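K.L.:
Here you go, this is input30.txt (compact mmCIF, C-alpha atoms and all ligand atoms).
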```
# COMPACT_ATOMS: atom_id res chain seq x y z
CA MET A 1 -20.32 -16.52 7.74
CA ILE A 2 -18.93 -13.08 6.95
CA SER A 3 -21.30 -11.18 4.69
CA LEU A 4 -20.90 -8.07 2.56
CA ASP A 5 -24.63 -7.96 1.88
CA GLY A 6 -25.84 -4.45 1.18
CA LYS A 7 -22.35 -3.03 0.66
CA ALA A 8 -21.30 -1.33 -2.56
CA ILE A 9 -17.59 -1.50 -3.27
CA VAL A 10 -15.31 -0.12 -5.98
CA VAL A 11 -12.27 -2.23 -6.85
CA THR A 12 -9.74 -0.51 -9.11
CA GLY A 13 -7.65 -2.52 -11.56
CA ALA A 14 -10.06 -5.43 -11.22
CA GLY A 15 -9.99 -6.62 -14.84
CA ARG A 16 -7.41 -9.28 -14.01
CA GLY A 17 -5.08 -10.62 -11.33
CA LEU A 18 -5.65 -9.85 -7.68
CA GLY A 19 -8.28 -7.16 -8.33
CA ARG A 20 -10.41 -9.61 -10.27
CA ALA A 21 -10.18 -12.13 -7.41
CA TYR A 22 -11.17 -9.40 -4.93
CA ALA A 23 -14.18 -8.34 -7.05
CA GLU A 24 -15.37 -11.94 -7.46
CA ALA A 25 -15.00 -12.69 -3.75
CA ILE A 26 -16.83 -9.51 -2.76
CA ALA A 27 -19.72 -10.37 -5.10
CA HIS A 28 -19.76 -13.94 -3.81
CA ARG A 29 -20.22 -12.56 -0.27
CA GLY A 30 -23.19 -10.44 -1.33
CA GLY A 31 -21.49 -7.12 -2.10
CA ALA A 32 -22.24 -5.09 -5.22
CA VAL A 33 -19.06 -4.25 -7.13
CA VAL A 34 -17.84 -1.58 -9.50
CA VAL A 35 -15.21 -3.49 -11.46
CA ASN A 36 -12.81 -0.80 -12.60
CA ASP A 37 -10.00 -1.27 -15.08
CA VAL A 38 -8.40 1.03 -17.61
CA ASP A 39 -8.59 -2.07 -19.79
CA GLY A 40 -12.39 -1.80 -20.11
CA GLY A 41 -12.84 -5.07 -22.02
CA GLU A 42 -11.29 -7.04 -19.17
CA ALA A 43 -13.54 -5.26 -16.65
CA GLU A 44 -16.62 -6.11 -18.74
CA ALA A 45 -15.61 -9.78 -18.85
CA VAL A 46 -15.27 -9.90 -15.04
CA VAL A 47 -18.68 -8.25 -14.68
CA ARG A 48 -20.26 -10.82 -17.01
CA GLY A 49 -18.80 -13.64 -14.91
CA ILE A 50 -20.11 -12.12 -11.66
CA VAL A 51 -23.58 -11.44 -13.06
CA ASP A 52 -23.80 -14.93 -14.60
CA ALA A 53 -23.04 -16.33 -11.14
CA GLY A 54 -25.95 -14.33 -9.69
CA GLY A 55 -23.95 -11.38 -8.32
CA ARG A 56 -24.23 -7.65 -8.82
CA ALA A 57 -21.51 -5.77 -10.71
CA VAL A 58 -20.95 -2.98 -13.18
CA ALA A 59 -17.84 -2.09 -15.20
CA SER A 60 -15.95 1.20 -15.09
CA PRO A 61 -13.21 1.85 -17.67
CA ALA A 62 -11.80 4.83 -15.71
CA SER A 63 -8.09 5.41 -15.53
CA VAL A 64 -7.19 6.10 -11.91
CA ILE A 65 -4.62 8.68 -12.95
CA LYS A 66 -7.41 10.99 -14.20
CA PRO A 67 -9.25 12.74 -11.36
CA ASP A 68 -12.39 13.41 -13.44
CA GLU A 69 -12.60 9.71 -14.33
CA THR A 70 -12.19 8.61 -10.70
CA GLU A 71 -15.12 10.94 -9.88
CA GLN A 72 -17.20 9.19 -12.55
CA MET A 73 -16.10 5.80 -11.17
CA VAL A 74 -17.37 6.49 -7.65
CA GLU A 75 -20.49 8.27 -8.92
CA LEU A 76 -21.29 5.19 -10.99
CA CYS A 77 -21.22 3.17 -7.77
CA VAL A 78 -23.72 5.49 -6.09
CA ARG A 79 -25.93 5.67 -9.19
CA GLU A 80 -26.03 1.89 -9.66
CA PHE A 81 -26.02 0.69 -6.06
CA GLY A 82 -27.21 3.68 -4.00
CA ALA A 83 -23.97 4.24 -2.03
CA ILE A 84 -20.24 3.69 -1.89
CA ASP A 85 -19.26 1.72 1.20
CA GLY A 86 -15.78 0.64 0.18
CA LEU A 87 -12.89 1.40 -2.15
CA VAL A 88 -10.08 -1.06 -2.87
CA ASN A 89 -7.14 0.84 -4.37
CA ASN A 90 -5.74 -2.17 -6.23
CA ALA A 91 -4.76 -0.77 -9.66
CA GLY A 92 -1.00 -0.78 -10.03
CA ILE A 93 1.82 -1.32 -12.47
CA TYR A 94 5.19 -2.98 -12.08
CA PRO A 95 8.18 -2.28 -14.31
CA HIS A 96 9.25 -5.72 -15.53
CA ASP A 97 12.10 -4.68 -17.77
CA PHE A 98 13.29 -1.90 -15.53
CA LYS A 99 16.88 -0.76 -15.89
CA GLU A 100 17.79 1.00 -12.71
CA TRP A 101 19.27 4.49 -13.15
CA GLU A 102 18.74 4.33 -16.90
CA ASP A 103 15.04 4.26 -17.49
CA ARG A 104 13.09 6.87 -19.40
CA PRO A 105 11.46 9.57 -17.27
CA GLU A 106 8.06 8.85 -18.89
CA LYS A 107 8.20 5.25 -17.71
CA ILE A 108 9.14 6.26 -14.19
CA ARG A 109 6.40 8.91 -14.22
CA ALA A 110 3.81 6.32 -15.31
CA ILE A 111 4.63 4.03 -12.36
CA VAL A 112 4.38 6.87 -9.86
CA GLU A 113 1.19 8.19 -11.49
CA VAL A 114 -0.73 4.91 -11.33
CA ASN A 115 0.65 3.57 -8.04
CA VAL A 116 0.57 6.82 -6.05
CA LEU A 117 -1.53 9.51 -7.75
CA GLY A 118 -4.11 6.92 -8.79
CA VAL A 119 -4.57 5.94 -5.16
CA ILE A 120 -4.83 9.57 -4.07
CA PHE A 121 -7.32 10.59 -6.77
CA SER A 122 -9.53 7.53 -6.25
CA THR A 123 -9.51 7.97 -2.48
CA ASN A 124 -10.26 11.69 -2.63
CA ALA A 125 -13.23 11.05 -4.91
CA ALA A 126 -14.56 8.20 -2.73
CA VAL A 127 -13.99 9.89 0.62
CA ARG A 128 -15.96 12.98 -0.42
CA LEU A 129 -19.01 10.74 -0.93
CA MET A 130 -18.32 8.53 2.13
CA LYS A 131 -18.15 11.62 4.34
CA ARG A 132 -21.61 12.62 3.14
CA SER A 133 -23.02 9.21 4.05
CA GLY A 134 -21.10 9.08 7.35
CA SER A 135 -19.12 5.85 6.90
CA GLY A 136 -16.85 3.86 4.61
CA THR A 137 -13.77 1.72 4.20
CA VAL A 138 -10.68 2.38 2.12
CA LEU A 139 -8.30 -0.50 1.46
CA ASN A 140 -4.93 0.26 -0.06
CA VAL A 141 -2.51 -2.22 -1.57
CA SER A 142 1.06 -2.15 -0.36
CA SER A 143 3.85 -4.62 -1.13
CA GLY A 144 6.75 -6.27 0.63
CA ALA A 145 8.91 -4.35 -1.88
CA HIS A 146 8.35 -1.16 0.08
CA LEU A 147 10.54 -2.51 2.87
CA GLY A 148 13.55 -2.14 0.54
CA LEU A 149 14.13 -4.77 -2.13
CA ALA A 150 17.19 -4.59 -4.39
CA GLY A 151 16.25 -3.63 -7.95
CA ASN A 152 12.77 -2.45 -6.96
CA ALA A 153 13.45 1.12 -5.90
CA ILE A 154 10.79 2.94 -7.91
CA TYR A 155 8.03 0.36 -7.48
CA GLY A 156 8.94 -0.12 -3.80
CA GLY A 157 9.03 3.63 -3.32
CA THR A 158 5.49 3.98 -4.69
CA LYS A 159 4.29 1.27 -2.29
CA GLY A 160 6.08 3.03 0.56
CA ALA A 161 4.09 6.13 -0.34
CA VAL A 162 0.86 4.12 -0.32
CA THR A 163 1.73 2.64 3.07
CA SER A 164 2.45 6.06 4.50
CA LEU A 165 -0.81 7.42 3.04
CA THR A 166 -2.58 4.56 4.83
CA TYR A 167 -1.20 5.59 8.22
CA THR A 168 -2.11 9.25 7.82
CA TRP A 169 -5.50 8.75 6.20
CA ALA A 170 -6.34 6.33 9.00
CA LEU A 171 -5.72 9.14 11.48
CA ASP A 172 -7.41 11.83 9.39
CA LEU A 173 -10.57 9.82 8.68
CA MET A 174 -11.05 8.02 11.99
CA SER A 175 -13.43 10.69 13.29
CA ALA A 176 -15.43 10.55 10.05
CA ASN A 177 -16.08 6.83 10.66
CA ILE A 178 -14.04 5.89 7.59
CA ARG A 179 -11.61 3.02 8.19
CA VAL A 180 -8.37 2.96 6.22
CA ASN A 181 -6.16 -0.13 6.10
CA ALA A 182 -3.88 -1.83 3.59
CA VAL A 183 -3.10 -5.33 2.39
CA SER A 184 0.33 -6.56 1.38
CA PRO A 185 -0.31 -9.54 -0.91
CA ILE A 186 1.70 -11.93 -3.01
CA ALA A 187 0.28 -13.97 -5.88
CA VAL A 188 1.03 -15.16 -9.36
CA THR A 189 -0.50 -12.68 -11.82
CA ARG A 190 0.46 -10.89 -15.02
CA MET A 191 2.46 -8.57 -12.76
CA LYS A 192 4.21 -11.28 -10.78
CA ARG A 193 4.87 -14.22 -13.06
CA SER A 194 7.80 -15.54 -11.07
CA PRO A 195 7.42 -18.99 -9.51
CA THR A 196 9.04 -17.51 -6.38
CA SER A 197 5.50 -16.42 -5.50
CA GLU A 198 5.07 -20.09 -4.62
CA HIS A 199 2.27 -20.33 -7.20
CA VAL A 200 -0.16 -18.56 -4.89
CA ASP A 201 -3.44 -18.03 -6.72
CA PRO A 202 -5.01 -14.55 -6.27
CA SER A 203 -8.14 -16.23 -4.87
CA ARG A 204 -6.05 -17.21 -1.81
CA ILE A 205 -5.56 -13.49 -0.96
CA ALA A 206 -9.17 -12.38 -1.55
CA PRO A 207 -10.49 -13.58 1.86
CA LEU A 208 -8.31 -10.94 3.53
CA VAL A 209 -9.94 -8.21 1.46
CA VAL A 210 -13.40 -9.59 2.26
CA TYR A 211 -12.58 -9.58 5.98
CA LEU A 212 -11.15 -6.05 6.02
CA LEU A 213 -14.15 -4.67 4.12
CA SER A 214 -16.60 -6.39 6.43
CA ASP A 215 -18.13 -5.20 9.70
CA GLU A 216 -16.14 -7.98 11.43
CA ALA A 217 -13.07 -5.76 10.98
CA GLY A 218 -14.84 -2.76 12.54
CA GLY A 219 -11.98 -2.07 14.95
CA MET A 220 -9.21 -2.31 12.37
CA ILE A 221 -7.77 1.07 11.49
CA GLY A 222 -4.36 2.00 10.08
CA GLN A 223 -3.14 -1.60 9.77
CA VAL A 224 -1.13 -3.16 6.96
CA VAL A 225 -1.93 -6.85 6.84
CA ARG A 226 0.28 -9.21 4.87
CA LEU A 227 -0.95 -12.49 3.43
CA THR A 228 1.41 -14.65 1.41
CA GLY A 229 -0.90 -17.61 0.92
CA LYS A 230 -0.10 -19.46 4.13
CA ASP A 231 1.36 -16.72 6.36
CA LEU A 232 -0.90 -13.97 7.75
CA SER A 233 0.84 -11.16 9.64
CA ILE A 234 0.56 -7.54 10.70
CA GLN A 235 3.29 -5.33 9.35
CA GLN A 236 4.98 -3.29 12.04
CA HIS A 237 4.85 0.47 11.72
CA PRO A 238 8.17 2.28 11.32
CA ARG A 239 9.15 4.32 14.37
CA VAL A 240 11.92 6.59 15.47
CA GLY A 241 14.44 4.90 17.77
CA ARG A 242 15.64 6.12 21.14
CA ALA A 243 17.26 9.53 21.01
CA ILE A 244 20.44 10.93 22.54
CA HIS A 245 19.77 14.41 23.81
CA ARG A 246 22.09 17.45 23.55
CA ASP A 247 21.01 21.06 23.44
CA LYS A 248 22.94 21.61 20.25
CA TRP A 249 24.78 19.23 17.91
CA SER A 250 27.95 19.87 15.90
CA ALA A 251 29.08 17.49 13.13
CA GLU A 252 31.82 16.28 15.48
CA ASP A 253 29.31 15.62 18.27
CA ILE A 254 27.25 13.54 15.84
CA ALA A 255 30.32 11.59 14.71
CA GLU A 256 31.19 10.88 18.33
CA ALA A 257 27.62 9.81 19.13
CA PHE A 258 27.76 7.28 16.30
CA ARG A 259 31.22 6.07 17.36
CA ALA A 260 30.20 5.71 20.99
CA THR A 261 26.60 4.53 20.84
CA LEU A 262 24.36 4.86 17.84
CA GLY A 263 26.81 3.04 15.57
CA ASN A 264 26.07 -0.13 17.52
CA HIS A 265 22.37 0.19 16.74
CA LEU A 266 22.34 0.70 12.99
CA GLU A 267 19.27 -0.82 11.37
CA ARG A 268 19.53 -3.85 9.15
CA ILE A 269 18.74 -2.86 5.57
CA GLY A 270 15.68 -3.73 3.54
CA ARG A 271 13.31 -6.67 3.43
CA GLU A 272 16.20 -9.14 3.47
CA ARG A 273 17.61 -7.40 6.60
CA VAL A 274 21.14 -7.06 5.27
CA PRO A 275 23.51 -6.02 8.10
CA SER A 276 24.88 -2.51 7.80
CA PRO A 277 28.70 -2.44 7.61
CA PRO A 278 30.38 -1.03 10.73
CA ILE A 279 31.13 2.68 10.77
CA ALA A 280 34.70 3.44 9.74
CA ALA A 281 35.44 5.59 12.76
CA ALA A 282 38.35 8.02 12.71
CA PRO A 283 40.50 8.03 15.87
CA VAL A 284 39.09 10.30 18.56
CA PRO A 285 41.13 13.49 18.71
CA ALA A 286 42.86 14.17 22.03
CA GLY A 287 40.78 16.41 24.27
CA ALA A 288 37.53 15.71 22.39
CA PRO A 289 34.52 16.31 24.67
CA ASP A 290 32.52 13.35 25.94
CA VAL A 291 29.04 12.90 24.54
CA HIS A 292 26.51 12.74 27.35
CA LEU A 293 24.37 9.78 26.55
CA SER A 294 21.07 10.94 27.87
CA VAL A 295 18.77 8.67 25.94
CA LYS A 296 15.05 9.28 25.71
CA ASP A 297 12.14 7.91 23.72
CA SER A 298 11.37 9.95 20.68
CA ASN A 299 8.95 9.26 17.90
CA ARG A 300 8.92 12.41 15.89
N1 LIG A 401 1.09 -9.93 -7.65
C1 LIG A 401 1.79 -9.75 -6.52
O1 LIG A 401 2.48 -10.66 -6.03
C2 LIG A 401 1.72 -8.44 -5.80
C3 LIG A 401 2.53 -8.25 -4.66
C4 LIG A 401 2.45 -7.06 -3.95
C5 LIG A 401 1.55 -6.08 -4.37
N2 LIG A 401 0.80 -6.26 -5.49
C6 LIG A 401 -0.11 -5.19 -5.89
O2 LIG A 401 -1.40 -5.73 -6.12
C7 LIG A 401 -2.08 -4.93 -7.11
C8 LIG A 401 -2.60 -5.83 -8.22
O3 LIG A 401 -1.49 -6.47 -8.82
P1 LIG A 401 -1.64 -7.72 -9.82
O4 LIG A 401 -0.48 -8.59 -9.52
O5 LIG A 401 -3.02 -8.27 -9.78
O6 LIG A 401 -1.34 -6.99 -11.22
P2 LIG A 401 -2.05 -7.14 -12.66
O7 LIG A 401 -1.13 -6.49 -13.63
O8 LIG A 401 -2.46 -8.55 -12.90
O9 LIG A 401 -3.36 -6.25 -12.49
C9 LIG A 401 -3.31 -4.85 -12.35
C10 LIG A 401 -4.50 -4.25 -13.06
O10 LIG A 401 -4.46 -2.82 -12.89
C11 LIG A 401 -4.94 -2.24 -14.10
N3 LIG A 401 -4.50 -0.86 -14.25
C12 LIG A 401 -3.26 -0.42 -14.57
N4 LIG A 401 -3.26 0.93 -14.69
C13 LIG A 401 -4.52 1.35 -14.42
C14 LIG A 401 -5.15 2.61 -14.39
N5 LIG A 401 -4.48 3.72 -14.69
N6 LIG A 401 -6.46 2.68 -14.05
C15 LIG A 401 -7.16 1.55 -13.78
N7 LIG A 401 -6.63 0.32 -13.82
C16 LIG A 401 -5.32 0.22 -14.14
C17 LIG A 401 -4.37 -3.15 -15.19
O11 LIG A 401 -5.05 -2.99 -16.44
C18 LIG A 401 -4.51 -4.52 -14.57
O12 LIG A 401 -5.71 -5.16 -14.96
C19 LIG A 401 -1.08 -3.89 -7.56
O13 LIG A 401 -1.28 -2.68 -6.85
C20 LIG A 401 0.26 -4.50 -7.17
O14 LIG A 401 1.27 -3.52 -6.99
C21 LIG A 401 0.88 -7.42 -6.22
```
Reformat the file's structure so that it appears as structure tokens.

P.N.:
Amino acid sequence: MISLDGKAIVVTGAGRGLGRAYAEAIAHRGGAVVVNDVDGGEAEAVVRGIVDAGGRAVASPASVIKPDETEQMVELCVREFGAIDGLVNNAGIYPHDFKEWEDRPEKIRAIVEVNVLGVIFSTNAAVRLMKRSGSGTVLNVSSGAHLGLAGNAIYGGTKGAVTSLTYTWALDLMSANIRVNAVSPIAVTRMKRSPTSEHVDPSRIAPLVVYLLSDEAGGMIGQVVRLTGKDLSIQQHPRVGRAIHRDKWSAEDIAEAFRATLGNHLERIGRERVPSPPIAAAPVPAGAPDVHLSVKDSNR
């Protein structure tokens, strides 16, 4: 049986929804949990439930958008439980009544602050302490929306940022023995009330978080793992396609390259993989130079 015995883990936004399920599952597997939520009353209630069931937990009412409060959140973990072994960057907000192109800047700013800056501030605070102790695990929370989902640009964009942070932090922290991964969940919560989530209870996603925090997942670094209740998958990393090489490119050369070759390889768009319309190519002017299709792998 996978155990989190002896591990101390901070879960942000754990007063309800998925974060609550993560905190309860971690405690059930022997981990000590800092249950963070800006809604402190909800965090306290989750702590009471964990303690009543014989687990170890303490509440933190920090807002992840405030760097000084994220410092206090991770310091609370060390003070109460002697260390910080894991951070689950779960706190997030979703704009339910979002009107694309028309929303107030403050509302847009709030989404970016919680979903992106909150993750950065919490991670910075935790990693400083993990580096001192020589190990740790950071688990971010992405979303299928980051793949491009109509009507979800701002939210999806924040999750794209989190996914990208995951890749780079994984590289940056590998040598410090700090593993960084992400989960891409789906569940019915306050955030996602729609029955299209197939009524997946948050508790169905929690085992993935337990696994990724555990020593069983010791080799897992830089991965985004998606669990939708029944389907478990690894999200593929974006990469640059094959390149056509020329020493120097004019706008006309580029147009010709798309007409001749690249136009046949346009990516499908977004999570639903909508086909890109064909390029409306202008007729090739007489005497236009040929593009030399020297293709090479490129990933920059
Ligand atoms: N529910 C889904 O299907 C789904 C899908 C993909 C990703 N996610 C992600 O999972 C995470 C949890 O989502 P959920 O569905 O449980 O949402 P939820 O609204 O039920 O819970 C989010 C929690 O975050 C807390 N929070 C908000 N701002 C905070 C702040 N500044 N500091 C601390 N806590 C704060 C809220 O008070 C709330 O308790 C989010 O990051 C979300 O984007 C959810």

K.L.:
Within 7 Å of ligand LIG 401 (chain A), counting all atoms listed in the file, which protein or nucleic acid residues do you find, written as a PyMOL selection string?

P.N.:
chain A and resi 12-19+36-39+62-65+90-94+114-115+118+141-144+184-192+197

K.L.:
Please, could you write that set of residues out with C-alpha atoms as a compact mmCIF listing (two decimals), keeping the file's coordinate frame?

P.N.:
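Everything below was put into again_27.txt:
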```
# COMPACT_ATOMS: atom_id res chain seq x y z
CA THR A 12 -9.74 -0.51 -9.11
CA GLY A 13 -7.65 -2.52 -11.56
CA ALA A 14 -10.06 -5.43 -11.22
CA GLY A 15 -9.99 -6.62 -14.84
CA ARG A 16 -7.41 -9.28 -14.01
CA GLY A 17 -5.08 -10.62 -11.33
CA LEU A 18 -5.65 -9.85 -7.68
CA GLY A 19 -8.28 -7.16 -8.33
CA ASN A 36 -12.81 -0.80 -12.60
CA ASP A 37 -10.00 -1.27 -15.08
CA VAL A 38 -8.40 1.03 -17.61
CA ASP A 39 -8.59 -2.07 -19.79
CA ALA A 62 -11.80 4.83 -15.71
CA SER A 63 -8.09 5.41 -15.53
CA VAL A 64 -7.19 6.10 -11.91
CA ILE A 65 -4.62 8.68 -12.95
CA ASN A 90 -5.74 -2.17 -6.23
CA ALA A 91 -4.76 -0.77 -9.66
CA GLY A 92 -1.00 -0.78 -10.03
CA ILE A 93 1.82 -1.32 -12.47
CA TYR A 94 5.19 -2.98 -12.08
CA VAL A 114 -0.73 4.91 -11.33
CA ASN A 115 0.65 3.57 -8.04
CA GLY A 118 -4.11 6.92 -8.79
CA VAL A 141 -2.51 -2.22 -1.57
CA SER A 142 1.06 -2.15 -0.36
CA SER A 143 3.85 -4.62 -1.13
CA GLY A 144 6.75 -6.27 0.63
CA SER A 184 0.33 -6.56 1.38
CA PRO A 185 -0.31 -9.54 -0.91
CA ILE A 186 1.70 -11.93 -3.01
CA ALA A 187 0.28 -13.97 -5.88
CA VAL A 188 1.03 -15.16 -9.36
CA THR A 189 -0.50 -12.68 -11.82
CA ARG A 190 0.46 -10.89 -15.02
CA MET A 191 2.46 -8.57 -12.76
CA LYS A 192 4.21 -11.28 -10.78
CA SER A 197 5.50 -16.42 -5.50
```

K.L.:
Which one of A:Leu212, A:Ala45, A:Val180, A:Val116 sits closest to Gly160 (chain A) if you count all atoms listed in the file?

P.N.:
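Comparing A:Leu212, A:Ala45, A:Val180, A:Val116 against Gly160 (chain A), the winner is A:Val116.
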
K.L.:
What is the CA of Ala255 (chain A) to CA of Ile279 (chain A) distance in Å?

P.N.:
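Going from CA of Ala255 (chain A) over to CA of Ile279 (chain A), I get 9.8 Å.
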
K.L.:
Identify which of the residues A:Val10, A:Ile2, A:Val225, A:Ala217 lies closest to His237 (chain A), counting all atoms listed in the file when measuring atom-to-atom distances.

P.N.:
A:Val225

K.L.:
Please report the interatomic distance between CA of Val51 (chain A) and CA of Gln72 (chain A) in Å with one decimal.

P.N.:
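Spanning CA of Val51 (chain A) to CA of Gln72 (chain A) is a straight-line distance of 21.6 Å.
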
K.L.:
Identify, on the basis of all atoms listed in the file, every residue whose closest approach to Met73 (chain A) does not exceed 12 Å; exclude the query and any residue fewer than 5 positions from it along the same chain; express the result as an MDAnalysis selection string.

P.N.:
chainID A and resid 9:13 33:38 58:68 78:80 84 87 121:126 129

K.L.:
Point out the residue among A:Arg226, A:His199, A:His96, A:Arg242 with the least atom-to-atom distance to Leu266 (chain A), counting all atoms listed in the file.

P.N.:
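Result for the nearest residue to Leu266 (chain A): A:Arg242.
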
K.L.:
So how far away is CA of Ala150 (chain A) from CA of Val200 (chain A), in Å?

P.N.:
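These atoms are spaced 22.3 Å apart.
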
K.L.:
Kindly indicate which residue among A:Ala83, A:Gly151, A:Ser164, A:Asp247 lies nearest to Asp97 (chain A), using only C-alpha atoms for the distances.

P.N.:
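The closest residue to Asp97 (chain A) is A:Gly151.
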
K.L.:
Neighbouring residues of Gly30 (chain A) were defined as those with any atom within 12 Å, considering all atoms listed in the file; residues of the same chain fewer than 5 positions away were excluded. Please report them as a PyMOL selection string.

P.N.:
chain A and resi 1-9+23-25+50-51+53-57+210+214

K.L.:
Looking at A:Phe98, A:Ala176, A:Ser233, A:Asn152, which one is nearest to Arg132 (chain A), with distances taken over only C-alpha atoms?

P.N.:
A:Ala176

K.L.:
Select, from A:Arg204, A:Lys248, A:Lys159, A:Arg20, the residue with the minimum atom-to-atom distance to Ala182 (chain A), counting all atoms listed in the file.

P.N.:
A:Lys159

K.L.:
As a short mmCIF file (atom, residue, chain, number, x, y, z; two decimals) with C-alpha atoms, in the coordinates of the input, please: the residues near Leu149 (chain A) (cut-off 8 Å, only C-alpha atoms, same-chain neighbours under 5 positions excluded).

P.N.:
```cif
data_model
loop_
_atom_site.label_atom_id
_atom_site.label_comp_id
_atom_site.auth_asym_id
_atom_site.auth_seq_id
_atom_site.Cartn_x
_atom_site.Cartn_y
_atom_site.Cartn_z
CA GLY A 156 8.94 -0.12 -3.80
CA GLY A 270 15.68 -3.73 3.54
CA ARG A 271 13.31 -6.67 3.43
CA GLU A 272 16.20 -9.14 3.47
#
```

K.L.:
Tell me which protein, DNA and RNA residues are within 6 Å of Thr137 (chain A), counting all atoms listed in the file, leaving out same-chain ones fewer than 6 positions away, and put them as a ChimeraX atom specification.

P.N.:
/A:86,178-180

K.L.:
Would you compute an axis-aligned box for region 32-47 of chain A, covering every atom listed for it in the file with 8 Å of margin on each side, and report centre and edge lengths in Å to one decimal as lines of an AutoDock Vina configuration file?

P.N.:
```
center_x = -15.3
center_y = -4.4
center_z = -13.6
size_x = 29.8
size_y = 26.9
size_z = 32.8
```
